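Pasting target-v5.txt here (compact mmCIF, C-alpha atoms):
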```txt
# COMPACT_ATOMS: atom_id res chain seq x y z
CA MET A 145 227.36 113.56 166.89
CA ALA A 146 228.06 115.98 164.04
CA THR A 147 225.61 115.80 161.17
CA PRO A 148 227.39 114.47 158.09
CA THR A 149 226.79 115.86 154.64
CA ILE A 150 225.12 113.75 151.98
CA ASN A 151 228.42 113.47 150.11
CA GLN A 152 229.85 111.59 153.08
CA ALA A 153 227.32 108.76 152.57
CA GLU A 154 229.87 106.22 151.42
CA GLU A 155 232.28 107.12 154.21
CA LEU A 156 230.03 106.16 157.12
CA PRO A 157 230.43 102.47 158.00
CA ASN A 158 227.19 100.55 158.38
CA GLY A 159 228.46 98.38 161.25
CA PRO A 160 226.93 100.48 164.05
CA ILE A 161 223.48 100.39 162.40
CA ALA A 162 223.71 96.65 161.78
CA ALA A 163 224.68 96.22 165.44
CA ALA A 164 221.73 98.31 166.66
CA LEU A 165 219.25 96.41 164.49
CA VAL A 166 220.51 93.00 165.61
CA ALA A 167 220.52 94.13 169.26
CA GLY A 168 216.90 95.25 168.87
CA GLY A 169 216.06 91.86 167.41
CA ILE A 170 217.88 90.05 170.21
CA GLY A 171 216.10 92.08 172.92
CA SER A 172 212.72 91.42 171.32
CA ALA A 173 213.41 87.71 170.87
CA VAL A 174 214.50 87.43 174.50
CA ILE A 175 211.22 88.99 175.67
CA GLY A 176 209.42 86.39 173.56
CA LEU A 177 211.62 83.60 174.94
CA MET A 178 211.11 84.72 178.54
CA THR A 179 207.35 84.80 177.94
CA VAL A 180 207.43 81.20 176.71
CA LEU A 181 209.73 80.03 179.54
CA ASN A 182 207.50 81.73 182.09
CA GLU A 183 204.61 79.59 180.86
CA ALA A 184 206.64 76.40 180.63
CA SER A 185 208.27 76.46 184.05
CA PRO A 186 206.78 77.56 187.38
CA ALA A 187 210.31 77.75 188.78
CA ILE A 188 211.41 80.20 186.09
CA SER A 189 208.18 82.12 186.54
CA ASN A 190 209.00 82.56 190.23
CA THR A 191 212.50 83.85 189.48
CA LEU A 192 211.02 86.42 187.09
CA LYS A 193 208.92 88.02 189.82
CA TRP A 194 211.33 90.93 190.31
CA VAL A 195 208.68 93.39 191.45
CA GLY A 196 205.95 91.84 193.59
CA PRO A 197 202.86 93.74 192.42
CA VAL A 198 203.90 93.41 188.76
CA GLY A 199 204.62 89.68 188.95
CA PRO A 200 206.73 87.84 186.37
CA LEU A 201 206.09 90.52 183.73
CA SER A 202 208.74 92.62 185.46
CA GLY A 203 211.38 89.92 184.95
CA LYS A 204 210.29 88.89 181.47
CA THR A 205 210.56 92.42 180.11
CA GLY A 206 213.43 93.37 182.42
CA VAL A 207 215.63 90.57 181.08
CA GLY A 208 214.74 91.53 177.50
CA VAL A 209 215.55 95.21 178.00
CA ILE A 210 218.85 94.47 179.77
CA VAL A 211 219.86 92.01 177.04
CA PHE A 212 218.92 94.61 174.41
CA PHE A 213 221.19 97.30 175.85
CA VAL A 214 224.06 94.97 176.76
CA SER A 215 224.05 93.26 173.34
CA TRP A 216 223.88 96.67 171.67
CA ILE A 217 226.98 97.85 173.53
CA VAL A 218 228.88 94.64 172.79
CA LEU A 219 227.90 94.56 169.10
CA HIS A 220 228.60 98.26 168.72
CA VAL A 221 232.12 97.82 170.06
CA ILE A 222 232.66 94.88 167.71
CA TYR A 223 231.30 96.50 164.55
CA ARG A 224 232.01 100.22 164.97
CA GLY A 225 234.12 101.54 162.13
CA LYS A 226 233.42 98.44 160.03
CA ASN A 227 231.30 97.75 156.99
CA VAL A 228 229.29 94.53 157.13
CA ASP A 229 226.95 92.60 154.84
CA PHE A 230 224.01 94.76 155.81
CA ALA A 231 221.34 92.65 154.12
CA ARG A 232 222.41 89.62 156.16
CA PHE A 233 222.39 91.53 159.44
CA ALA A 234 219.03 93.16 158.66
CA THR A 235 217.52 89.77 157.80
CA ILE A 236 218.76 88.29 161.08
CA ALA A 237 217.40 91.31 162.99
CA LEU A 238 213.97 91.04 161.38
CA ILE A 239 213.80 87.28 162.00
CA LEU A 240 214.64 87.88 165.69
CA LEU A 241 212.05 90.64 165.86
CA GLY A 242 209.54 88.24 164.31
CA LEU A 243 210.40 85.64 166.95
CA GLY A 244 209.73 88.30 169.58
CA LEU A 245 206.30 88.95 168.09
CA LEU A 246 205.58 85.21 167.95
CA GLY A 247 206.77 84.54 171.50
CA THR A 248 204.53 87.27 172.92
CA PHE A 249 201.40 86.03 171.11
CA PRO A 250 199.17 84.26 173.68
CA PRO A 251 197.92 81.39 171.47
CA PHE A 252 201.61 80.56 170.85
CA PHE A 253 203.06 80.83 174.35
CA ASP A 254 200.00 79.07 175.81
CA LEU A 255 201.12 75.97 173.89
CA PHE A 256 203.98 75.70 176.37
CA ALA A 257 201.89 76.15 179.52
CA ALA A 258 202.96 73.77 182.29
CA GLY A 259 200.35 71.40 183.69
CA MET B 48 183.67 116.49 187.79
CA SER B 49 186.34 114.32 189.36
CA ILE B 50 188.79 111.59 188.49
CA SER B 51 190.55 109.14 190.78
CA ILE B 52 194.33 108.78 190.94
CA ARG B 53 194.09 105.39 189.27
CA GLU B 54 191.86 106.70 186.48
CA GLY B 55 194.26 109.61 186.07
CA TRP B 56 197.27 107.33 185.61
CA THR B 57 195.29 105.23 183.15
CA VAL B 58 194.66 108.39 181.14
CA VAL B 59 198.34 109.41 181.32
CA HIS B 60 199.46 105.94 180.23
CA GLY B 61 196.99 105.42 177.40
CA MET B 62 195.63 108.78 176.28
CA LEU B 63 198.75 110.91 176.69
CA PHE B 64 201.78 108.65 176.20
CA GLY B 65 200.28 105.86 174.12
CA ALA B 66 198.09 108.03 171.92
CA ALA B 67 200.94 110.52 171.35
CA PHE B 68 203.15 107.71 170.04
CA LEU B 69 200.49 106.45 167.68
CA LEU B 70 199.66 109.96 166.43
CA ALA B 71 203.32 110.78 165.82
CA PHE B 72 203.75 107.63 163.76
CA ALA B 73 202.28 109.12 160.57
CA GLY B 74 204.69 112.04 160.64
CA GLY B 75 207.71 109.81 161.17
CA LEU B 76 206.58 107.41 158.44
CA ALA B 77 206.20 110.25 155.94
CA GLY B 78 209.62 111.60 156.89
CA LEU B 79 211.38 108.25 156.60
CA TYR B 80 209.58 107.13 153.44
CA SER B 81 210.19 110.36 151.56
CA LEU B 82 213.87 110.52 152.54
CA ARG B 83 215.15 109.78 149.06
CA PRO B 84 217.34 111.95 146.85
CA GLU B 85 215.12 111.59 143.77
CA TRP B 86 212.19 113.17 145.61
CA VAL B 87 213.76 115.84 147.79
CA THR B 88 216.57 118.31 147.18
CA VAL B 89 219.75 118.20 149.23
CA GLU B 90 218.65 121.33 151.05
CA GLY B 91 215.22 119.83 151.60
CA ILE B 92 216.67 116.69 153.17
CA LYS B 93 218.93 118.72 155.46
CA GLU B 94 216.01 120.95 156.46
CA ARG B 95 213.80 118.06 157.52
CA MET B 96 216.56 116.09 159.28
CA PHE B 97 216.34 117.92 162.61
CA ARG B 98 212.57 117.52 162.67
CA LEU B 99 212.85 113.82 161.89
CA LYS B 100 215.52 113.16 164.52
CA ALA B 101 213.65 115.11 167.20
CA GLY B 102 210.40 113.38 166.31
CA LEU B 103 211.88 109.87 166.36
CA TRP B 104 213.72 110.39 169.66
CA GLY B 105 210.54 111.90 171.08
CA MET B 106 208.60 108.83 169.98
CA ALA B 107 211.19 106.49 171.49
CA LEU B 108 211.06 108.32 174.84
CA ILE B 109 207.26 108.34 174.82
CA ALA B 110 207.22 104.62 174.01
CA TRP B 111 209.47 103.89 177.01
CA ALA B 112 207.29 106.11 179.22
CA THR B 113 204.19 104.26 178.01
CA VAL B 114 205.42 100.75 178.79
CA ILE B 115 207.06 101.70 182.09
CA SER B 116 204.00 103.57 183.39
CA GLY B 117 201.72 100.82 182.14
CA THR B 118 203.70 97.97 183.63
CA TYR B 119 204.78 99.47 186.95
CA ILE B 120 201.89 101.83 187.80
CA VAL B 121 198.67 100.74 186.06
CA TYR B 122 199.18 96.98 185.66
CA PRO B 123 199.42 96.19 189.41
CA TRP B 124 195.95 97.71 189.87
CA TYR B 125 194.64 95.68 186.93
CA ARG B 126 195.96 92.35 188.23
CA ALA B 127 195.24 92.82 191.95
CA LYS B 128 193.99 89.65 193.66
CA ASP B 129 190.79 91.18 195.00
CA PRO B 130 187.51 90.27 193.23
CA THR B 131 186.87 93.85 192.11
CA SER B 132 190.06 94.19 190.05
CA PRO B 133 189.56 94.31 186.25
CA ARG B 134 191.39 91.00 185.83
CA SER B 135 189.15 89.26 188.37
CA ILE B 136 186.02 90.76 186.80
CA LEU B 137 187.01 89.69 183.28
CA LEU B 138 187.95 86.14 184.29
CA ALA B 139 184.80 85.65 186.39
CA ASP B 140 182.62 85.72 183.27
CA PRO B 141 183.38 83.26 180.42
CA SER B 142 182.00 85.79 177.93
CA THR B 143 184.65 88.37 178.91
CA ALA B 144 187.57 86.10 179.90
CA ALA B 145 189.23 86.38 176.47
CA TRP B 146 189.72 90.11 177.05
CA HIS B 147 192.28 88.98 179.62
CA THR B 148 193.56 85.68 178.25
CA LEU B 149 194.10 87.07 174.75
CA GLY B 150 193.86 90.86 174.93
CA MET B 151 195.68 91.73 178.14
CA GLU B 152 198.16 88.85 177.91
CA TRP B 153 199.12 90.01 174.40
CA LYS B 154 199.13 93.71 175.19
CA GLU B 155 201.32 93.52 178.28
CA HIS B 156 204.08 91.68 176.39
CA VAL B 157 204.04 92.94 172.81
CA GLY B 158 203.97 96.58 173.87
CA TRP B 159 207.56 96.27 175.08
CA LEU B 160 208.80 95.62 171.55
CA ALA B 161 207.72 99.14 170.50
CA PRO B 162 210.28 101.20 172.47
CA ILE B 163 213.10 98.82 171.56
CA ALA B 164 212.40 99.08 167.83
CA ALA B 165 211.72 102.84 168.02
CA THR B 166 215.03 103.45 169.83
CA VAL B 167 216.96 101.56 167.16
CA VAL B 168 215.32 103.63 164.41
CA ALA B 169 216.01 106.93 166.20
CA PHE B 170 219.66 105.98 166.70
CA ALA B 171 220.12 104.97 163.06
CA VAL B 172 218.60 108.17 161.69
CA THR B 173 220.78 110.23 164.03
CA TYR B 174 223.88 108.26 163.01
CA TYR B 175 223.40 108.61 159.26
CA GLY B 176 221.70 111.98 159.16
CA PRO B 177 221.05 113.19 155.58
CA THR B 178 223.24 110.40 154.20
CA LEU B 179 220.45 107.93 155.00
CA SER B 180 218.71 109.16 151.85
CA LYS B 181 221.37 107.37 149.78
CA LYS B 182 221.20 104.11 151.75
CA LEU B 183 218.31 102.15 150.25
CA GLY B 184 218.85 98.91 152.15
CA GLU B 185 219.27 100.64 155.50
CA ARG B 186 216.20 102.80 154.91
CA ARG B 187 214.07 99.76 154.10
CA ALA B 188 215.26 97.89 157.20
CA LEU B 189 214.55 100.92 159.38
CA LEU B 190 211.09 101.31 157.85
CA ALA B 191 210.39 97.66 158.69
CA PHE B 192 211.50 98.20 162.31
CA TYR B 193 209.45 101.39 162.47
CA MET B 194 206.33 99.63 161.15
CA ILE B 195 206.73 96.75 163.61
CA SER B 196 207.15 99.28 166.42
CA PHE B 197 203.85 100.83 165.40
CA ILE B 198 202.06 97.49 165.05
CA ALA B 199 203.22 96.47 168.54
CA ALA B 200 202.12 99.79 170.05
CA ALA B 201 198.81 99.78 168.18
CA THR B 202 198.03 96.24 169.32
CA ALA B 203 198.70 97.23 172.91
CA GLY B 204 196.80 100.49 172.57
CA VAL B 205 193.68 99.06 170.94
CA PHE B 206 193.36 96.22 173.46
CA GLY B 207 194.05 98.66 176.30
CA ALA B 208 191.22 100.90 175.17
CA PHE B 209 188.75 98.03 174.83
CA ILE B 210 189.73 96.38 178.12
CA ASN B 211 189.41 99.67 179.96
CA LYS B 212 185.94 99.97 178.46
CA VAL B 213 184.83 96.47 179.48
CA ALA B 214 186.50 96.46 182.93
CA PRO B 215 187.82 99.91 183.83
CA ILE B 216 190.40 100.57 186.50
CA ARG B 217 188.71 102.56 189.29
```

I'd like the structure from this file rewritten - as structure tokens, please.
Amino acid sequence: MATPTINQAEELPNGPIAAALVAGGIGSAVIGLMTVLNEASPAISNTLKWVGPVGPLSGKTGVGVIVFFVSWIVLHVIYRGKNVDFARFATIALILLGLGLLGTFPPFFDLFAAG
Amino acid sequence: MSISIREGWTVVHGMLFGAAFLLAFAGGLAGLYSLRPEWVTVEGIKERMFRLKAGLWGMALIAWATVISGTYIVYPWYRAKDPTSPRSILLADPSTAAWHTLGMEWKEHVGWLAPIAATVVAFAVTYYGPTLSKKLGERRALLAFYMISFIAAATAGVFGAFINKVAPIR
């Protein structure tokens, strides 16, 4: 990627950055969601055991990372070359990131522990 | 003077990868925060851009290396079923159980948010280059992501250090 000059600031669309931020938020939120679902359902917990010695942590984080990269690609294709309401996208991204932090906090996800 | 394979990997995961990420944070923060046209000349911004991009991509790669080595190499030793594993030792004593139920359970999950957020920041800085200095909203959003990346990594790192002190992996 060629380095643009400062004078080109207004020419670069912000869509790709908005897409990356939202994808990061989605990936983080999914890790939080998987952590909660793992506690809530023994069946889901079993399906998340992708790597035996690692246990369900492999699936919880694996799903989140895959969703992060896939959503990034999809959103990038949708928003490349476009200008978007950046403040709205950034707010959504930070809320999703916050949900990821909340979902991975033990006193929170323990509230959903089955049995 | 000797060190076991397991202790060696614990050092690589926490003291090399993890500590390098946390140490690099200050440099990246200074670079991102000061990237504003009223503080730095055009030439100054261009000069520091390569350093900032290289540093942020380096941090993102190190963050991925930290969580992957921690989860797939060190963590299986920590959570082994035998009574001598750190997890078993911590849970066997009510006075140390919270190091697992709060500390390890938090660390093993929240640490994964760090490489995701760091990768997004590195991509954005590479995409905009020097023009980021004129994008106030974007710079603020990236600083927020960068700070959260650090907080996630620091939480994981601090608990990792304490847990390895209370119940080390041998």

Provide the CA of Val59 (chain B) to CA of Ala107 (chain B) distance in Å, to one decimal place.
16.4 Å

Distance criterion (all atoms listed in the file): nearest to Val218 (chain A) out of A:Leu240, A:Ala234, A:Leu181, A:Ala163
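Among the listed residues, A:Ala163 lies closest to Val218 (chain A).
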
For chain B, which residues have at least one atom within 9 Å of chain A, if we go by all atoms listed in the file? Write them as number ranges by chain, please.
B: 89, 93, 118-120, 122-124, 126-127, 148-150, 152-157, 159-160, 163-164, 166-168, 170-171, 173-182, 184-185, 188-189, 191-192, 195, 199

Write a file of the just-selected residues containing C-alpha atoms, as a PDB file, in the coordinates of the input.
```pdb
ATOM      1  CA  VAL B  89     219.750 118.200 149.230  1.00  0.00           C
ATOM      2  CA  LYS B  93     218.930 118.720 155.460  1.00  0.00           C
ATOM      3  CA  THR B 118     203.700  97.970 183.630  1.00  0.00           C
ATOM      4  CA  TYR B 119     204.780  99.470 186.950  1.00  0.00           C
ATOM      5  CA  ILE B 120     201.890 101.830 187.800  1.00  0.00           C
ATOM      6  CA  TYR B 122     199.180  96.980 185.660  1.00  0.00           C
ATOM      7  CA  PRO B 123     199.420  96.190 189.410  1.00  0.00           C
ATOM      8  CA  TRP B 124     195.950  97.710 189.870  1.00  0.00           C
ATOM      9  CA  ARG B 126     195.960  92.350 188.230  1.00  0.00           C
ATOM     10  CA  ALA B 127     195.240  92.820 191.950  1.00  0.00           C
ATOM     11  CA  THR B 148     193.560  85.680 178.250  1.00  0.00           C
ATOM     12  CA  LEU B 149     194.100  87.070 174.750  1.00  0.00           C
ATOM     13  CA  GLY B 150     193.860  90.860 174.930  1.00  0.00           C
ATOM     14  CA  GLU B 152     198.160  88.850 177.910  1.00  0.00           C
ATOM     15  CA  TRP B 153     199.120  90.010 174.400  1.00  0.00           C
ATOM     16  CA  LYS B 154     199.130  93.710 175.190  1.00  0.00           C
ATOM     17  CA  GLU B 155     201.320  93.520 178.280  1.00  0.00           C
ATOM     18  CA  HIS B 156     204.080  91.680 176.390  1.00  0.00           C
ATOM     19  CA  VAL B 157     204.040  92.940 172.810  1.00  0.00           C
ATOM     20  CA  TRP B 159     207.560  96.270 175.080  1.00  0.00           C
ATOM     21  CA  LEU B 160     208.800  95.620 171.550  1.00  0.00           C
ATOM     22  CA  ILE B 163     213.100  98.820 171.560  1.00  0.00           C
ATOM     23  CA  ALA B 164     212.400  99.080 167.830  1.00  0.00           C
ATOM     24  CA  THR B 166     215.030 103.450 169.830  1.00  0.00           C
ATOM     25  CA  VAL B 167     216.960 101.560 167.160  1.00  0.00           C
ATOM     26  CA  VAL B 168     215.320 103.630 164.410  1.00  0.00           C
ATOM     27  CA  PHE B 170     219.660 105.980 166.700  1.00  0.00           C
ATOM     28  CA  ALA B 171     220.120 104.970 163.060  1.00  0.00           C
ATOM     29  CA  THR B 173     220.780 110.230 164.030  1.00  0.00           C
ATOM     30  CA  TYR B 174     223.880 108.260 163.010  1.00  0.00           C
ATOM     31  CA  TYR B 175     223.400 108.610 159.260  1.00  0.00           C
ATOM     32  CA  GLY B 176     221.700 111.980 159.160  1.00  0.00           C
ATOM     33  CA  PRO B 177     221.050 113.190 155.580  1.00  0.00           C
ATOM     34  CA  THR B 178     223.240 110.400 154.200  1.00  0.00           C
ATOM     35  CA  LEU B 179     220.450 107.930 155.000  1.00  0.00           C
ATOM     36  CA  SER B 180     218.710 109.160 151.850  1.00  0.00           C
ATOM     37  CA  LYS B 181     221.370 107.370 149.780  1.00  0.00           C
ATOM     38  CA  LYS B 182     221.200 104.110 151.750  1.00  0.00           C
ATOM     39  CA  GLY B 184     218.850  98.910 152.150  1.00  0.00           C
ATOM     40  CA  GLU B 185     219.270 100.640 155.500  1.00  0.00           C
ATOM     41  CA  ALA B 188     215.260  97.890 157.200  1.00  0.00           C
ATOM     42  CA  LEU B 189     214.550 100.920 159.380  1.00  0.00           C
ATOM     43  CA  ALA B 191     210.390  97.660 158.690  1.00  0.00           C
ATOM     44  CA  PHE B 192     211.500  98.200 162.310  1.00  0.00           C
ATOM     45  CA  ILE B 195     206.730  96.750 163.610  1.00  0.00           C
ATOM     46  CA  ALA B 199     203.220  96.470 168.540  1.00  0.00           C
TER      47      ALA B 199
END
```

Quick check, in Å to one decimal: how far apart do CA of Ala169 (chain B) and CA of His220 (chain A) lie?
15.5 Å

Non-local contacts of Ala258 (chain A) (10 Å; all atoms listed in the file; under 6 positions in same chain excluded) as a PyMOL selection string
chain A and resi 181-186

Atomic separation - CA of Phe252 (chain A) relative to CA of Asn211 (chain B), Å:
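Here the two named atoms are 24.4 Å from each other.
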
Tell me, as an MDAnalysis selection string, which residues lie within 12 Å of Ile216 (chain B), counting only C-alpha atoms; anything in the same chain fewer than 5 positions away does not count.
chainID B and resid 50:58 120:127 131:137 207:208 210:211
